[in-house]
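**Student:** This is the structure I want to talk about, given as structure tokens.
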Amino acid sequence: MTFEEQLARLGDLGRPLAHAELKALSRLGPEMLKSFWAAWRAFPAERRIAILHDLDALAEDNIDLDFRPVFRACLSDPEAEVRAAAVAGLWEDESAVTMERLISLLDDDSGLVRAAAAVALAPFAHRAELGELPAPVGQQLHTALLRSATDPEQPLEVRRRAVEGLGYFASSREAQAEIGRAYAHDELAMRESAVLAMGRSMRPTWFPYIERELKSASPALRYEAARAVGELGEDGRPLLTALLPLVDDDDTEIAQAAIWALGQVGGPSAKRVLERLARSQDDARRQAASDALDELSLDEL
């Protein structure tokens, strides 16, 4: 079967998507990418969205598959939901070209795409703060995220995701001030993002606020506070006393976030709790604890 015939089968709504056929889209070179794009534009939008979601899942489960050329091409798709799915699919693409493209998408016509781009830029912000990107590139990214976070014309979802990315700029007074303003915001969703950004900044000045939200009446804030402790890594150990009760939270998602955080923070106390949870009768908590223990084992190598 030719590549063009495989593409025709993928576009046939009368056929379910098959993983074996989707794998044909891995590692496309320039010529095959041209053929892909020519066929792709004729696929119905719902089919294009479904294909990208399946490609993302396949890539996560199989490191030998590389769909990044397809995802990069689909950043130019006329359908906003397709562009947003393409952004999400580039989660492991660390290239400067992709970062530049994501920054440009902060000005996309669709708020959905702008928010997705802000989320995808957070790992680049982390690399910038670690010194893994040239200083001018890091400054360009900082400026772009700060502009999105402070633009009152942007939807709340875009601004809050930009705040989360700014969290990694621990040495930026502007970024840290914006986190403080986000924490004081009337909207709960913005406060959630501020708490996560506090963890990403790893600044001790934010620790009391994270600790407060670990005990919050709001499940959403408890969840984000647990994630924030995990972002702190070993520096989060002073917050363990406040974090530990959340592993038994009635909300399973909060418990899983707290268990993940224990695996990131590490230390003898965290390990003992994880070993207990790995024997739990609760499947979700047991699996989360097992995964966290695996993470600890890797760190100890």
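The chains in the structure tokens are called A, B, ... from first to last as shown; in each chain the residues are counted from 1, and the ligands are counted from 1 in the order shown.
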Which polymer residues have any atom within 8 Å of an atom of Lys271 (chain A), counting only C-alpha atoms, with same-chain residues fewer than 3 positions away left out, as a PDB file with C-alpha atoms, in the first residue's frame?
**Tutor:**
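Below is the file that was written, selection_13.pdb:
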```
ATOM      1  CA  LEU A 262       5.928  12.916  48.005  1.00  0.00           C
ATOM      2  CA  GLY A 263       7.836  11.185  45.224  1.00  0.00           C
ATOM      3  CA  GLY A 266      11.673  12.456  48.784  1.00  0.00           C
ATOM      4  CA  GLY A 267      13.348  11.783  52.111  1.00  0.00           C
ATOM      5  CA  PRO A 268      12.809   9.034  54.702  1.00  0.00           C
ATOM      6  CA  LEU A 274       4.642   5.869  50.105  1.00  0.00           C
ATOM      7  CA  GLU A 275       5.536   2.327  51.161  1.00  0.00           C
ATOM      8  CA  LEU A 293       8.466   5.024  44.735  1.00  0.00           C
ATOM      9  CA  LEU A 296      12.467   7.898  44.288  1.00  0.00           C
TER      10      LEU A 296
END
```
**Student:** Which polymer residues have any atom within 10 Å of an atom of Ala8 (chain A), counting only C-alpha atoms, with same-chain residues fewer than 4 positions away left out, as a list in words?
**Tutor:**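 So the residues in contact are Thr2, Phe3, Glu4, Asp12, Phe36, Ala39, Trp40, Ala42 and Phe43 of chain A.
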**Student:** Find, counting only C-alpha atoms, the residue in A:Ser218, A:Gln281, A:Ser104, A:Ser201 that gets nearest to Asp251 (chain A).
**Tutor:**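 So, comparing all the options, the nearest one is A:Ser218.
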**Student:** Do you know which residues are at most 8 Å from Phe207 (chain A) counting only C-alpha atoms, after dropping those on the same chain fewer than 3 positions away, and could you put them as an MDAnalysis selection string?
**Tutor:** chainID A and resid 198 203:204 210:211 239
**Student:** Could the residues in this selection be saved with N, CA and C atoms as a short mmCIF file (atom, residue, chain, number, x, y, z; two decimals), in the first residue's frame?
**Tutor:**
```cif
data_model
loop_
_atom_site.label_atom_id
_atom_site.label_comp_id
_atom_site.auth_asym_id
_atom_site.auth_seq_id
_atom_site.Cartn_x
_atom_site.Cartn_y
_atom_site.Cartn_z
N MET A 198 3.79 29.59 42.36
CA MET A 198 4.61 29.75 43.57
C MET A 198 5.55 28.56 43.75
N ARG A 203 10.67 29.91 45.58
CA ARG A 203 11.08 30.99 46.48
C ARG A 203 10.47 30.76 47.87
N PRO A 204 11.30 30.71 48.91
CA PRO A 204 10.78 30.47 50.28
C PRO A 204 9.71 31.47 50.71
N ILE A 210 1.62 28.57 50.17
CA ILE A 210 1.38 27.19 49.73
C ILE A 210 0.86 26.35 50.89
N GLU A 211 1.50 26.53 52.06
CA GLU A 211 1.08 25.77 53.25
C GLU A 211 -0.37 26.09 53.60
N LEU A 239 7.33 21.52 54.10
CA LEU A 239 5.88 21.52 53.95
C LEU A 239 5.27 20.12 54.07
#
```
**Student:** Write out as a PyMOL selection string all residues of region 125-254 of chain A that DSSP puts in helix (DSSP H, G or I) for this structure's backbone.
**Tutor:** chain A and resi 125-129+135-150+156-166+173-183+188-201+204-214+219-248+252-254
**Student:** Create the file for the chosen residues now, containing C-alpha atoms and written as a CSV table (one decimal), in the first residue's frame.
**Tutor:**
```
chain,number,residue,atom,x,y,z
A,125,ALA,CA,10.6,28.9,30.8
A,126,HIS,CA,12.0,26.2,33.1
A,127,ARG,CA,15.0,25.7,30.8
A,128,ALA,CA,15.5,29.4,30.6
A,129,GLU,CA,15.7,29.8,34.4
A,135,ALA,CA,19.8,34.8,27.8
A,136,PRO,CA,18.2,36.8,25.0
A,137,VAL,CA,16.0,33.9,24.1
A,138,GLY,CA,14.9,33.5,27.8
A,139,GLN,CA,14.2,37.3,27.9
A,140,GLN,CA,12.1,37.0,24.8
A,141,LEU,CA,10.1,34.3,26.3
A,142,HIS,CA,9.7,36.1,29.6
A,143,THR,CA,8.5,39.2,27.8
A,144,ALA,CA,6.0,37.2,25.8
A,145,LEU,CA,4.5,35.4,28.8
A,146,LEU,CA,4.4,38.6,30.8
A,147,ARG,CA,2.6,40.4,28.0
A,148,SER,CA,-0.1,37.7,27.9
A,149,ALA,CA,-0.4,37.5,31.7
A,150,THR,CA,-1.0,41.3,32.0
A,156,LEU,CA,-8.8,34.4,31.9
A,157,GLU,CA,-7.6,31.0,30.7
A,158,VAL,CA,-4.8,32.6,28.6
A,159,ARG,CA,-3.7,34.9,31.4
A,160,ARG,CA,-3.7,32.2,34.1
A,161,ARG,CA,-1.6,29.8,31.9
A,162,ALA,CA,0.9,32.6,31.2
A,163,VAL,CA,1.2,33.2,35.0
A,164,GLU,CA,2.0,29.5,35.5
A,165,GLY,CA,4.8,29.8,33.0
A,166,LEU,CA,6.1,32.9,34.6
A,173,ARG,CA,10.6,40.9,40.0
A,174,GLU,CA,8.0,41.5,37.4
A,175,ALA,CA,7.1,37.8,37.1
A,176,GLN,CA,6.9,37.3,40.9
A,177,ALA,CA,4.8,40.4,41.3
A,178,GLU,CA,2.4,39.1,38.8
A,179,ILE,CA,2.1,35.8,40.7
A,180,GLY,CA,1.2,37.9,43.8
A,181,ARG,CA,-1.5,39.8,41.9
A,182,ALA,CA,-2.8,36.5,40.5
A,183,TYR,CA,-3.1,35.1,44.0
A,188,LEU,CA,-10.6,31.0,41.9
A,189,ALA,CA,-9.0,29.6,38.7
A,190,MET,CA,-6.4,32.5,38.7
A,191,ARG,CA,-5.6,31.8,42.3
A,192,GLU,CA,-5.1,28.1,41.5
A,193,SER,CA,-2.5,29.1,38.8
A,194,ALA,CA,-0.8,31.5,41.2
A,195,VAL,CA,-0.3,28.7,43.8
A,196,LEU,CA,1.2,26.4,41.1
A,197,ALA,CA,3.5,29.3,40.0
A,198,MET,CA,4.6,29.8,43.6
A,199,GLY,CA,5.9,26.2,43.6
A,200,ARG,CA,7.6,26.6,40.3
A,201,SER,CA,9.4,29.7,41.5
A,204,PRO,CA,10.8,30.5,50.3
A,205,THR,CA,8.7,33.7,50.5
A,206,TRP,CA,5.8,31.8,48.9
A,207,PHE,CA,6.0,28.7,51.3
A,208,PRO,CA,3.5,30.1,53.9
A,209,TYR,CA,1.0,30.7,51.1
A,210,ILE,CA,1.4,27.2,49.7
A,211,GLU,CA,1.1,25.8,53.3
A,212,ARG,CA,-2.1,27.8,53.8
A,213,GLU,CA,-3.7,26.4,50.6
A,214,LEU,CA,-2.8,22.8,51.5
A,219,PRO,CA,-10.5,21.2,46.7
A,220,ALA,CA,-9.0,23.0,43.6
A,221,LEU,CA,-6.6,25.0,45.8
A,222,ARG,CA,-5.6,21.9,47.8
A,223,TYR,CA,-4.9,20.1,44.6
A,224,GLU,CA,-2.7,22.9,43.2
A,225,ALA,CA,-0.9,23.4,46.5
A,226,ALA,CA,0.0,19.7,46.5
A,227,ARG,CA,1.3,20.1,43.0
A,228,ALA,CA,3.3,23.1,44.1
A,229,VAL,CA,5.0,21.2,46.8
A,230,GLY,CA,6.0,18.6,44.2
A,231,GLU,CA,7.4,21.4,42.0
A,232,LEU,CA,9.6,22.4,45.0
A,233,GLY,CA,11.3,19.0,45.0
A,234,GLU,CA,13.6,18.5,48.0
A,235,ASP,CA,13.1,22.1,49.0
A,236,GLY,CA,9.5,21.2,49.8
A,237,ARG,CA,10.4,19.1,52.8
A,238,PRO,CA,9.4,21.8,55.3
A,239,LEU,CA,5.9,21.5,53.9
A,240,LEU,CA,5.6,17.7,54.4
A,241,THR,CA,3.7,18.0,57.7
A,242,ALA,CA,0.9,20.0,55.9
A,243,LEU,CA,1.1,17.8,52.8
A,244,LEU,CA,0.8,14.4,54.4
A,245,PRO,CA,-2.9,14.6,55.4
A,246,LEU,CA,-3.8,15.1,51.7
A,247,VAL,CA,-2.8,11.5,50.8
A,248,ASP,CA,-6.0,10.4,52.6
A,252,THR,CA,-8.9,11.0,44.8
A,253,GLU,CA,-7.3,13.5,42.4
A,254,ILE,CA,-6.0,15.5,45.4
```
**Student:** Please compute the CA of Ala170 (chain A)-CA of Ala288 (chain A) distance, one decimal, in Å.
**Tutor:**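 Here the two named atoms are 29.3 Å from each other.
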**Student:** Need the shell around Ala116 (chain A): protein/DNA/RNA residues with any atom at most 12 Å away, counting only C-alpha atoms. Skip same-chain ones fewer than 5 positions apart. Format as a short mmCIF file (atom, residue, chain, number, x, y, z; two decimals) with C-alpha atoms, in the first residue's frame?
**Tutor:**
```
data_model
loop_
_atom_site.label_atom_id
_atom_site.label_comp_id
_atom_site.auth_asym_id
_atom_site.auth_seq_id
_atom_site.Cartn_x
_atom_site.Cartn_y
_atom_site.Cartn_z
CA LEU A 75 0.02 24.37 13.83
CA ALA A 80 -8.54 26.20 16.12
CA GLU A 81 -9.16 22.91 17.95
CA VAL A 82 -6.77 21.15 15.58
CA ARG A 83 -4.09 23.78 16.21
CA ALA A 84 -4.57 23.42 19.96
CA ALA A 85 -4.24 19.62 19.69
CA ALA A 86 -1.07 20.08 17.63
CA VAL A 87 0.40 22.33 20.32
CA ALA A 88 -0.35 19.72 22.98
CA GLY A 89 1.31 17.05 20.84
CA LEU A 90 4.60 18.95 20.85
CA TRP A 91 5.10 18.43 24.59
CA LEU A 102 4.66 28.74 20.13
CA ILE A 103 5.46 32.33 21.06
CA LEU A 105 0.76 31.46 18.71
CA LEU A 106 0.28 33.67 21.78
CA ASP A 107 -1.21 36.04 19.18
CA ASP A 108 -3.40 33.40 17.55
CA SER A 110 -8.28 31.69 19.06
CA GLY A 111 -8.10 31.98 22.85
CA LEU A 121 5.90 27.34 26.75
CA ALA A 122 6.23 26.58 30.48
CA GLU A 157 -7.60 31.01 30.68
CA VAL A 158 -4.80 32.59 28.65
CA ARG A 159 -3.68 34.90 31.44
CA ARG A 160 -3.66 32.19 34.10
CA ARG A 161 -1.63 29.80 31.92
CA ALA A 162 0.88 32.57 31.24
CA GLY A 165 4.82 29.76 32.98
#
```
**Student:** So which one's closest to Leu58 (chain A), A:His19, A:His185, A:Arg41, A:Lys34? Using only C-alpha atoms, please.
**Tutor:**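 For Leu58 (chain A), the nearest of the candidates is A:His19.
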**Student:** Between CA of Asp186 (chain A) and CA of Pro123 (chain A), what distance in Å does the model show, to one decimal?
**Tutor:**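 Calculated distance between CA of Asp186 (chain A) and CA of Pro123 (chain A) is 27.3 Å.
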**Student:** For Ser290 (chain A), which residue among A:Ser95, A:Ser216, A:Gln256, A:Gln154 is the nearest when counting only C-alpha atoms?
**Tutor:**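 Smallest distance to Ser290 (chain A) is found for A:Gln256.
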**Student:** Interatomic distance between CA of Ala20 (chain A) and CA of Leu55 (chain A)?
**Tutor:**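 Computed distance, CA of Ala20 (chain A) to CA of Leu55 (chain A), equals 11.1 Å.
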**Student:** Quick one: residues within 10 Å of Pro69 (chain A), only C-alpha atoms counted, chain neighbours fewer than 6 positions away excluded, as a PyMOL selection string?
**Tutor:** chain A and resi 25-30+33+90
